[in-house]
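Structure file structure36.cif (mmCIF, C-alpha atoms and all ligand atoms) follows.
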```
data_query
#
loop_
_atom_site.label_atom_id
_atom_site.label_comp_id
_atom_site.auth_asym_id
_atom_site.auth_seq_id
_atom_site.Cartn_x
_atom_site.Cartn_y
_atom_site.Cartn_z
CA MET A 1 126.53 89.82 126.32
CA ARG A 2 125.18 92.19 128.95
CA ALA A 3 125.60 89.51 131.58
CA LEU A 4 129.25 90.56 131.55
CA ALA A 5 128.34 93.99 132.81
CA ALA A 6 126.16 92.49 135.52
CA ASP A 7 128.85 90.14 136.84
CA PRO A 8 129.64 90.97 140.45
CA GLY A 9 133.00 92.67 140.75
CA VAL A 10 133.05 93.73 137.12
CA GLY A 11 132.62 97.48 137.20
CA PRO A 12 132.03 99.86 134.32
CA ILE A 13 134.77 99.95 131.71
CA ALA A 14 134.59 103.75 131.57
CA SER A 15 132.99 106.30 133.83
CA ALA A 16 132.78 110.01 134.42
CA ARG A 17 131.96 111.77 137.67
CA ASP A 18 130.76 115.37 137.90
CA LEU A 19 132.42 116.31 134.63
CA VAL A 20 132.56 120.03 133.92
CA LYS A 21 134.13 121.54 130.85
CA THR A 22 134.13 125.26 130.20
CA TYR A 23 135.55 127.06 127.22
CA GLY A 24 136.49 130.74 127.24
CA ARG A 25 136.26 133.18 130.14
CA GLY A 26 134.10 135.86 131.67
CA GLU A 27 131.14 136.91 129.56
CA ALA A 28 132.14 134.53 126.78
CA VAL A 29 132.33 131.42 128.95
CA VAL A 30 130.62 128.32 127.57
CA ARG A 31 129.77 125.46 129.89
CA ALA A 32 130.04 122.63 127.38
CA LEU A 33 129.65 120.05 130.18
CA ASP A 34 127.84 121.02 133.34
CA GLY A 35 128.23 118.15 135.81
CA VAL A 36 127.91 114.89 133.90
CA SER A 37 128.19 111.55 135.71
CA VAL A 38 127.85 108.41 133.62
CA ASP A 39 128.99 104.77 133.46
CA PHE A 40 129.65 102.72 130.34
CA ALA A 41 129.60 98.92 130.57
CA ARG A 42 131.31 96.16 128.65
CA GLY A 43 129.06 94.50 126.13
CA GLU A 44 126.92 97.60 125.86
CA LEU A 45 126.26 99.95 122.95
CA THR A 46 125.30 103.38 124.27
CA ALA A 47 123.94 106.10 122.02
CA ILE A 48 124.27 109.76 122.99
CA MET A 49 121.76 112.18 121.55
CA GLY A 50 121.10 115.86 122.00
CA PRO A 51 120.92 119.09 120.03
CA SER A 52 123.92 120.55 118.30
CA GLY A 53 126.11 122.22 120.91
CA SER A 54 124.75 120.16 123.83
CA GLY A 55 128.20 118.77 124.66
CA LYS A 56 128.14 115.33 123.00
CA SER A 57 131.54 115.63 121.33
CA THR A 58 133.04 117.31 124.38
CA LEU A 59 131.89 114.39 126.54
CA MET A 60 133.45 111.88 124.13
CA HIS A 61 136.69 113.89 123.92
CA CYS A 62 136.97 114.17 127.70
CA MET A 63 136.24 110.45 128.14
CA ALA A 64 138.91 109.63 125.56
CA GLY A 65 141.58 111.91 126.99
CA LEU A 66 141.51 114.08 123.86
CA ASP A 67 140.35 117.05 125.92
CA THR A 68 140.95 117.92 129.58
CA PRO A 69 137.92 118.46 131.80
CA THR A 70 137.77 121.64 133.87
CA ALA A 71 136.56 119.58 136.84
CA GLY A 72 135.50 116.03 137.59
CA THR A 73 137.08 112.66 136.96
CA VAL A 74 137.25 110.18 134.11
CA VAL A 75 138.23 106.56 134.73
CA VAL A 76 138.85 104.26 131.75
CA ASP A 77 139.76 100.62 132.18
CA GLY A 78 140.55 101.24 135.85
CA GLU A 79 142.84 104.20 135.19
CA ASP A 80 142.25 107.81 136.16
CA VAL A 81 142.68 109.62 132.86
CA GLY A 82 143.10 113.01 134.56
CA ARG A 83 146.18 111.83 136.46
CA MET A 84 148.00 110.48 133.43
CA ASN A 85 150.92 112.26 131.83
CA GLN A 86 150.93 112.83 128.07
CA ARG A 87 152.93 109.71 127.38
CA ARG A 88 150.61 107.35 129.24
CA LEU A 89 147.62 109.11 127.76
CA THR A 90 148.95 108.56 124.27
CA ARG A 91 149.53 104.90 125.07
CA LEU A 92 146.01 104.58 126.49
CA ARG A 93 144.55 106.10 123.33
CA ARG A 94 146.59 103.86 121.06
CA THR A 95 146.06 100.60 122.86
CA ARG A 96 142.87 100.83 124.93
CA LEU A 97 140.63 103.17 122.95
CA GLY A 98 139.16 103.03 119.47
CA PHE A 99 137.76 105.93 117.48
CA VAL A 100 135.34 106.18 114.59
CA PHE A 101 134.70 109.59 113.04
CA GLN A 102 131.98 110.89 110.79
CA ALA A 103 134.51 111.52 108.00
CA PHE A 104 136.07 108.00 108.15
CA ASN A 105 139.63 109.47 108.43
CA LEU A 106 141.31 106.65 106.49
CA ILE A 107 144.76 107.04 104.92
CA PRO A 108 144.06 107.22 101.16
CA THR A 109 147.38 105.70 100.05
CA LEU A 110 147.02 102.59 102.25
CA THR A 111 144.93 99.53 101.44
CA ALA A 112 142.01 98.52 103.63
CA GLU A 113 144.17 95.94 105.37
CA GLU A 114 146.97 98.44 105.98
CA ASN A 115 144.47 100.96 107.34
CA ILE A 116 143.01 98.36 109.70
CA ARG A 117 146.47 97.35 110.97
CA LEU A 118 147.70 100.92 111.30
CA PRO A 119 147.12 101.39 115.07
CA LEU A 120 149.09 98.21 115.79
CA ASP A 121 151.84 99.11 113.32
CA ILE A 122 152.21 102.56 114.88
CA ALA A 123 152.36 101.02 118.36
CA ARG A 124 154.81 98.39 116.99
CA ARG A 125 152.56 95.64 118.26
CA PRO A 126 152.07 92.33 116.44
CA VAL A 127 148.82 91.62 114.66
CA ASP A 128 146.87 88.77 116.24
CA ARG A 129 145.91 87.02 113.01
CA ALA A 130 142.90 85.21 114.49
CA TRP A 131 141.49 88.47 115.86
CA PHE A 132 142.23 90.27 112.59
CA ASP A 133 140.25 87.56 110.76
CA THR A 134 137.40 87.76 113.27
CA VAL A 135 137.13 91.52 112.85
CA VAL A 136 137.49 91.47 109.06
CA ASP A 137 134.81 88.80 108.74
CA ALA A 138 132.55 90.66 111.16
CA VAL A 139 132.73 93.81 109.00
CA GLY A 140 132.38 91.71 105.82
CA LEU A 141 135.51 93.09 104.14
CA ARG A 142 137.36 89.88 103.33
CA ASP A 143 137.26 90.51 99.56
CA ARG A 144 138.12 94.21 99.85
CA LEU A 145 141.35 94.05 101.84
CA ASP A 146 143.56 95.05 98.88
CA HIS A 147 141.40 98.04 97.94
CA ARG A 148 142.32 101.61 98.73
CA PRO A 149 139.68 103.88 100.31
CA GLY A 150 139.01 105.58 96.94
CA GLU A 151 137.93 102.22 95.54
CA LEU A 152 135.45 101.58 98.33
CA SER A 153 131.92 102.85 98.95
CA GLY A 154 131.26 105.13 101.92
CA GLY A 155 129.77 102.25 103.89
CA GLN A 156 132.77 100.06 103.14
CA GLN A 157 135.16 102.84 104.15
CA GLN A 158 133.35 103.31 107.45
CA ARG A 159 133.47 99.56 108.04
CA VAL A 160 137.25 99.71 107.48
CA ALA A 161 137.35 102.50 110.08
CA CYS A 162 135.30 100.34 112.48
CA ALA A 163 137.66 97.40 111.98
CA ARG A 164 140.61 99.74 112.60
CA ALA A 165 138.97 100.90 115.82
CA LEU A 166 138.54 97.30 117.02
CA ILE A 167 141.84 95.79 115.94
CA SER A 168 143.68 96.58 119.18
CA ARG A 169 140.82 95.08 121.25
CA PRO A 170 140.18 98.42 122.91
CA ALA A 171 138.35 98.80 126.20
CA VAL A 172 135.95 101.28 124.60
CA VAL A 173 135.21 102.51 121.09
CA PHE A 174 134.02 106.11 120.76
CA ALA A 175 132.11 106.81 117.56
CA ASP A 176 131.11 110.43 116.85
CA GLU A 177 128.22 110.40 114.36
CA PRO A 178 129.61 107.34 112.55
CA THR A 179 126.71 107.23 110.10
CA GLY A 180 126.44 111.00 109.61
CA ASN A 181 127.87 110.79 106.07
CA LEU A 182 126.24 107.53 105.01
CA ASP A 183 123.10 106.62 103.10
CA SER A 184 120.52 104.48 104.85
CA ARG A 185 121.79 101.15 103.52
CA SER A 186 125.40 101.82 104.48
CA SER A 187 124.25 103.14 107.85
CA GLY A 188 122.43 99.88 108.45
CA GLU A 189 125.61 97.92 107.62
CA VAL A 190 127.78 99.96 109.96
CA LEU A 191 125.26 99.99 112.80
CA GLY A 192 124.63 96.27 112.43
CA PHE A 193 128.35 95.69 112.74
CA LEU A 194 128.70 97.95 115.78
CA ARG A 195 125.87 96.13 117.51
CA ARG A 196 127.30 92.70 116.65
CA SER A 197 130.74 93.66 117.91
CA VAL A 198 129.10 94.50 121.22
CA ASP A 199 126.87 91.41 121.42
CA GLU A 200 129.31 88.86 120.00
CA LEU A 201 132.75 90.30 120.75
CA GLY A 202 131.90 91.92 124.10
CA GLN A 203 133.00 95.39 122.97
CA ALA A 204 131.89 98.58 124.73
CA ILE A 205 130.82 101.28 122.29
CA VAL A 206 129.68 104.85 122.85
CA MET A 207 128.13 106.41 119.77
CA VAL A 208 126.88 109.94 119.16
CA THR A 209 124.00 110.13 116.71
CA HIS A 210 121.25 112.49 115.58
CA ASP A 211 119.24 109.70 114.04
CA ALA A 212 116.50 107.91 115.99
CA THR A 213 116.83 104.76 113.92
CA ALA A 214 120.59 104.66 114.49
CA ALA A 215 119.96 105.12 118.23
CA SER A 216 117.54 102.18 118.18
CA TYR A 217 120.51 99.86 117.55
CA ALA A 218 121.83 100.76 121.01
CA HIS A 219 121.11 99.07 124.32
CA ARG A 220 120.67 102.45 125.91
CA VAL A 221 120.27 106.07 124.84
CA LEU A 222 121.47 109.04 126.89
CA PHE A 223 120.07 112.48 126.18
CA LEU A 224 122.20 115.58 126.67
CA ALA A 225 120.99 119.18 126.71
CA ASP A 226 123.04 122.24 127.66
CA GLY A 227 125.87 120.07 128.94
CA ARG A 228 123.67 118.00 131.26
CA LEU A 229 122.23 114.51 131.11
CA VAL A 230 118.50 115.06 130.88
CA GLY A 231 117.22 111.57 130.17
CA GLU A 232 117.95 107.94 129.53
CA LEU A 233 116.17 105.19 127.64
CA GLU A 234 116.75 101.42 127.90
CA ASP A 235 116.21 99.06 124.95
CA PRO A 236 115.17 101.91 122.67
CA THR A 237 113.09 101.61 119.54
CA ARG A 238 112.84 104.32 116.91
CA GLU A 239 109.42 105.25 118.29
CA THR A 240 110.46 105.51 121.94
CA VAL A 241 113.51 107.57 120.92
CA LEU A 242 111.36 109.98 118.91
CA ASP A 243 108.92 110.24 121.83
CA ALA A 244 111.77 110.98 124.22
CA LEU A 245 113.24 113.60 121.87
CA ARG A 246 109.88 115.38 121.71
CA GLY A 247 109.87 115.47 125.51
CA PHE A 248 113.29 117.20 125.61
CA THR A 249 112.56 119.86 123.02
CA PRO A 250 114.84 122.76 123.88
CA GLY A 251 113.70 126.26 124.60
CA ASP A 252 113.69 126.33 128.39
CA GLY A 253 117.45 125.93 128.79
CA ASP A 254 119.72 128.82 129.71
CA GLY A 255 121.02 128.65 126.16
CA HIS A 256 124.52 129.97 126.85
CA GLY A 257 123.96 132.25 123.89
CA ARG A 258 124.07 129.28 121.53
CA HIS A 259 122.19 128.82 118.37
CA GLU A 260 119.86 125.93 119.16
CA GLN A 261 118.88 123.43 116.53
CA PRO A 262 115.86 121.17 116.66
CA LEU A 263 116.56 118.22 118.94
CA ALA A 264 114.87 115.63 116.75
CA GLN A 265 116.10 115.06 113.25
CA THR A 266 113.26 112.75 112.50
CA ALA A 267 114.05 112.11 108.88
CA GLY A 268 116.14 109.04 109.67
CA PRO A 269 115.69 106.82 106.63
CA VAL A 270 117.62 103.88 108.06
CA THR A 271 115.51 100.77 108.32
CA ARG A 272 116.20 98.03 110.79
N1 LIG B 301 137.34 124.13 121.37
C1 LIG B 301 136.28 124.84 121.73
N2 LIG B 301 136.38 126.15 122.01
C2 LIG B 301 135.31 126.86 122.40
N3 LIG B 301 134.06 126.37 122.52
C3 LIG B 301 133.89 125.07 122.23
C4 LIG B 301 134.98 124.24 121.81
N4 LIG B 301 134.50 122.98 121.60
C5 LIG B 301 133.18 123.03 121.86
N5 LIG B 301 132.81 124.29 122.24
C6 LIG B 301 131.46 124.70 122.62
O1 LIG B 301 130.99 123.80 123.60
C7 LIG B 301 129.62 123.49 123.39
C8 LIG B 301 129.46 122.00 123.19
O2 LIG B 301 130.07 121.64 121.96
P1 LIG B 301 130.10 120.14 121.42
O3 LIG B 301 130.56 119.24 122.51
O4 LIG B 301 130.87 120.15 120.16
O5 LIG B 301 128.56 119.87 121.14
P2 LIG B 301 127.87 118.74 120.24
O6 LIG B 301 128.89 117.70 119.89
O7 LIG B 301 126.75 118.23 121.10
O8 LIG B 301 127.34 119.44 119.03
C9 LIG B 301 129.19 124.33 122.19
O9 LIG B 301 128.62 125.51 122.65
C10 LIG B 301 130.48 124.59 121.47
O10 LIG B 301 130.40 125.79 120.73
MG MG B 302 129.59 117.01 117.98
#
```

Would you mind writing the file out in structure tokens?
Amino acid sequence: MRALAADPGVGPIASARDLVKTYGRGEAVVRALDGVSVDFARGELTAIMGPSGSGKSTLMHCMAGLDTPTAGTVVVDGEDVGRMNQRRLTRLRRTRLGFVFQAFNLIPTLTAEENIRLPLDIARRPVDRAWFDTVVDAVGLRDRLDHRPGELSGGQQQRVACARALISRPAVVFADEPTGNLDSRSSGEVLGFLRRSVDELGQAIVMVTHDATAASYAHRVLFLADGRLVGELEDPTRETVLDALRGFTPGDGDGHGRHEQPLAQTAGPVTR
């Protein structure tokens, strides 16, 4: 699994250098990212934590070419995202990146199978049946493929969304609070799948979460505050994550006029 990332000559699958993203101008300027440099490896599940407004979503959006950084570079799968035109960017997003959102974002009129195949159908690419089967079995949805989202539980819907994100064998999957709308049992299912897809399928996944237990599924946790990386934890457990969060309690930042929320949402009921 992580040996892949350590292979000589195999660099990070995605990286950012000196990323800056500002919104607005003059007095109202917000520095959502304030010089972030980070590498993401194949076969690695990285969690990103930090208070609301610390720049987590902005980092994911800039990495995924959904937002344009004000300064700095993003390289995904060997390609400089900032130098791509819209057309190549769209192709990169469709074929090399996967997304999982808090709100599932499934098409209600399509079955689970049709939702999973959707990225390939849109890109007019054939479905690799063996890979489809691997992904469907990994998410445990074999007997739900004919169901529409309304007939599935939240956890099942999010597992459909995870399968959809993986179906094109993307270089990286970006998941923004994937368990934010799920109960603890469903969260455990989704997180277990994300971790397995990294360990067994060699996927790279970057996941934003507020939950220390969710973060403990990751190989590594990055902590953001005020648009900067302020800490990193390898092989996290729920306890070491909570300890780290206590250490980064906000209050000494420059604030940017934001409403700060508590860094640690310690109520994570997910059991591992
Ligand atoms: N489209 C936007 N326009 C203006 N400000 C934004 C926009 N998106 C994000 N911001 C601001 O950038 C900062 C970081 O936001 P975000 O990346 O969404 O944080 P997080 O995901 O950690 O909660 C916040 O202060 C937010 O208000
Ligand atoms: Mg966010």

Surroundings of ligand MG 302 (chain B) up to 12 Å, based on all atoms listed in the file, as a list in words: Ala32, Ile48, Met49, Gly50, Pro51, Ser52, Gly53, Ser54, Gly55, Lys56, Ser57, Thr58, Leu59, Met60, His61, Phe101, Gln102, Ala175, Asp176, Glu177, Pro178, Gly180, Met207, Val208, Thr209, His210, Leu224 and Gly227 of chain A

Restricting to only C-alpha atoms and all ligand atoms, whichever of A:Pro149, A:Gly82, A:Gly192, A:Pro69 is closest to ligand LIG 301 (chain B) is A:Pro69

Which one is closest to ligand LIG 301 (chain B): A:Glu79, A:Phe248, A:Val160, A:Arg228? Count all atoms listed in the file.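 Of the candidates, the smallest distance to ligand LIG 301 (chain B) is held by A:Arg228.
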
List as a PyMOL selection string the protein and nucleic acid residues near Thr22 in chain A, meaning an atom at most 9 Å away when only C-alpha atoms are counted, but skip any in the same chain fewer than 5 places from it. chain A and resi 29-34+69-70

Computed gap from CA of Asn181 in chain A to CA of Asp199 in chain A is 24.7 Å

Closest of A:Gly11, A:Ala112, A:Ser187, A:Ile205 to His219 in chain A - atom-to-atom distances counting only C-alpha atoms: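 Closest to His219 in chain A, using only C-alpha atoms: A:Ile205.
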
Shortest interatomic distance to Ser15 in chain A - which of A:Gly43, A:Gly188, A:Gly72, A:Pro236, counting all atoms listed in the file: A:Gly72

I need the residue nearest ligand LIG 301 (chain B) from this list: A:Leu182, A:Ala244, A:Val230, A:Ala28. Use all atoms listed in the file for the distance.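 Distance minimum relative to ligand LIG 301 (chain B) lands on A:Ala28.
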
Using only C-alpha atoms, can you tell me which of A:Val74, A:Met63, A:Ile122, A:Leu233 comes closest to Arg91 in chain A?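 For Arg91 in chain A, the nearest of the given residues is A:Ile122.
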
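Atom to atom, CA of Leu45 in chain A and CA of Leu120 in chain A stand 24.0 Å apart.
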
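Rounded to one decimal, CA of Arg148 in chain A and CA of Thr134 in chain A lie 20.7 Å from each other.
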
Given the point (117.9, 109.2, 120.8) in the file's coordinates, find the residues that have an atom at most 6 Å from it, counting all atoms listed in the file, and give them as number ranges by chain. A: 49, 212, 215, 221, 241

Might you pull out every residue within 12 Å of Asp133 in chain A, with all atoms listed in the file counted and same-chain residues fewer than 3 positions away left off, and present them as number ranges by chain? A: 113, 116-117, 127-130, 136-143, 145, 163, 166-167

Quick one: range 58-82 of chain A with N, CA and C atoms, as an mmCIF file, keeping the file's coordinate frame?
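Listed below is the output, out.cif:
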```cif
data_model
loop_
_atom_site.group_PDB
_atom_site.id
_atom_site.type_symbol
_atom_site.label_atom_id
_atom_site.label_comp_id
_atom_site.auth_asym_id
_atom_site.auth_seq_id
_atom_site.Cartn_x
_atom_site.Cartn_y
_atom_site.Cartn_z
ATOM 1 N N THR A 58 132.186 116.965 123.239
ATOM 2 C CA THR A 58 133.040 117.310 124.380
ATOM 3 C C THR A 58 133.083 116.154 125.376
ATOM 4 N N LEU A 59 131.934 115.529 125.627
ATOM 5 C CA LEU A 59 131.890 114.390 126.540
ATOM 6 C C LEU A 59 132.773 113.257 126.012
ATOM 7 N N MET A 60 132.627 112.949 124.719
ATOM 8 C CA MET A 60 133.450 111.880 124.130
ATOM 9 C C MET A 60 134.933 112.232 124.225
ATOM 10 N N HIS A 61 135.274 113.489 123.908
ATOM 11 C CA HIS A 61 136.690 113.890 123.920
ATOM 12 C C HIS A 61 137.273 113.826 125.335
ATOM 13 N N CYS A 62 136.475 114.235 126.323
ATOM 14 C CA CYS A 62 136.970 114.170 127.700
ATOM 15 C C CYS A 62 137.112 112.719 128.156
ATOM 16 N N MET A 63 136.150 111.874 127.767
ATOM 17 C CA MET A 63 136.240 110.450 128.140
ATOM 18 C C MET A 63 137.477 109.810 127.520
ATOM 19 N N ALA A 64 137.838 110.255 126.315
ATOM 20 C CA ALA A 64 138.910 109.630 125.560
ATOM 21 C C ALA A 64 140.267 110.295 125.792
ATOM 22 N N GLY A 65 140.322 111.246 126.706
ATOM 23 C CA GLY A 65 141.580 111.910 126.990
ATOM 24 C C GLY A 65 142.055 112.811 125.856
ATOM 25 N N LEU A 66 141.160 113.168 124.954
ATOM 26 C CA LEU A 66 141.510 114.080 123.860
ATOM 27 C C LEU A 66 141.330 115.523 124.289
ATOM 28 N N ASP A 67 140.585 115.712 125.383
ATOM 29 C CA ASP A 67 140.350 117.050 125.920
ATOM 30 C C ASP A 67 140.401 116.915 127.440
ATOM 31 N N THR A 68 140.795 117.976 128.123
ATOM 32 C CA THR A 68 140.950 117.920 129.580
ATOM 33 C C THR A 68 139.751 118.565 130.247
ATOM 34 N N PRO A 69 139.056 117.833 131.126
ATOM 35 C CA PRO A 69 137.920 118.460 131.800
ATOM 36 C C PRO A 69 138.370 119.569 132.744
ATOM 37 N N THR A 70 137.500 120.557 132.934
ATOM 38 C CA THR A 70 137.770 121.640 133.870
ATOM 39 C C THR A 70 137.662 121.131 135.304
ATOM 40 N N ALA A 71 136.723 120.221 135.528
ATOM 41 C CA ALA A 71 136.560 119.580 136.840
ATOM 42 C C ALA A 71 135.929 118.218 136.640
ATOM 43 N N GLY A 72 136.066 117.366 137.664
ATOM 44 C CA GLY A 72 135.500 116.030 137.590
ATOM 45 C C GLY A 72 136.538 114.992 137.193
ATOM 46 N N THR A 73 136.130 113.735 137.236
ATOM 47 C CA THR A 73 137.080 112.660 136.960
ATOM 48 C C THR A 73 136.565 111.739 135.853
ATOM 49 N N VAL A 74 137.532 111.177 135.127
ATOM 50 C CA VAL A 74 137.250 110.180 134.110
ATOM 51 C C VAL A 74 138.120 108.967 134.409
ATOM 52 N N VAL A 75 137.487 107.805 134.515
ATOM 53 C CA VAL A 75 138.230 106.560 134.730
ATOM 54 C C VAL A 75 137.940 105.642 133.547
ATOM 55 N N VAL A 76 139.000 105.191 132.870
ATOM 56 C CA VAL A 76 138.850 104.260 131.750
ATOM 57 C C VAL A 76 139.685 103.031 132.052
ATOM 58 N N ASP A 77 139.028 101.874 132.010
ATOM 59 C CA ASP A 77 139.760 100.620 132.180
ATOM 60 C C ASP A 77 140.557 100.647 133.497
ATOM 61 N N GLY A 78 139.936 101.217 134.529
ATOM 62 C CA GLY A 78 140.550 101.240 135.850
ATOM 63 C C GLY A 78 141.589 102.326 136.070
ATOM 64 N N GLU A 79 141.818 103.166 135.060
ATOM 65 C CA GLU A 79 142.840 104.200 135.190
ATOM 66 C C GLU A 79 142.233 105.599 135.165
ATOM 67 N N ASP A 80 142.722 106.438 136.071
ATOM 68 C CA ASP A 80 142.250 107.810 136.160
ATOM 69 C C ASP A 80 142.911 108.644 135.058
ATOM 70 N N VAL A 81 142.131 108.944 134.040
ATOM 71 C CA VAL A 81 142.680 109.620 132.860
ATOM 72 C C VAL A 81 143.270 110.989 133.216
ATOM 73 N N GLY A 82 142.656 111.677 134.186
ATOM 74 C CA GLY A 82 143.100 113.010 134.560
ATOM 75 C C GLY A 82 144.469 113.027 135.235
#
```
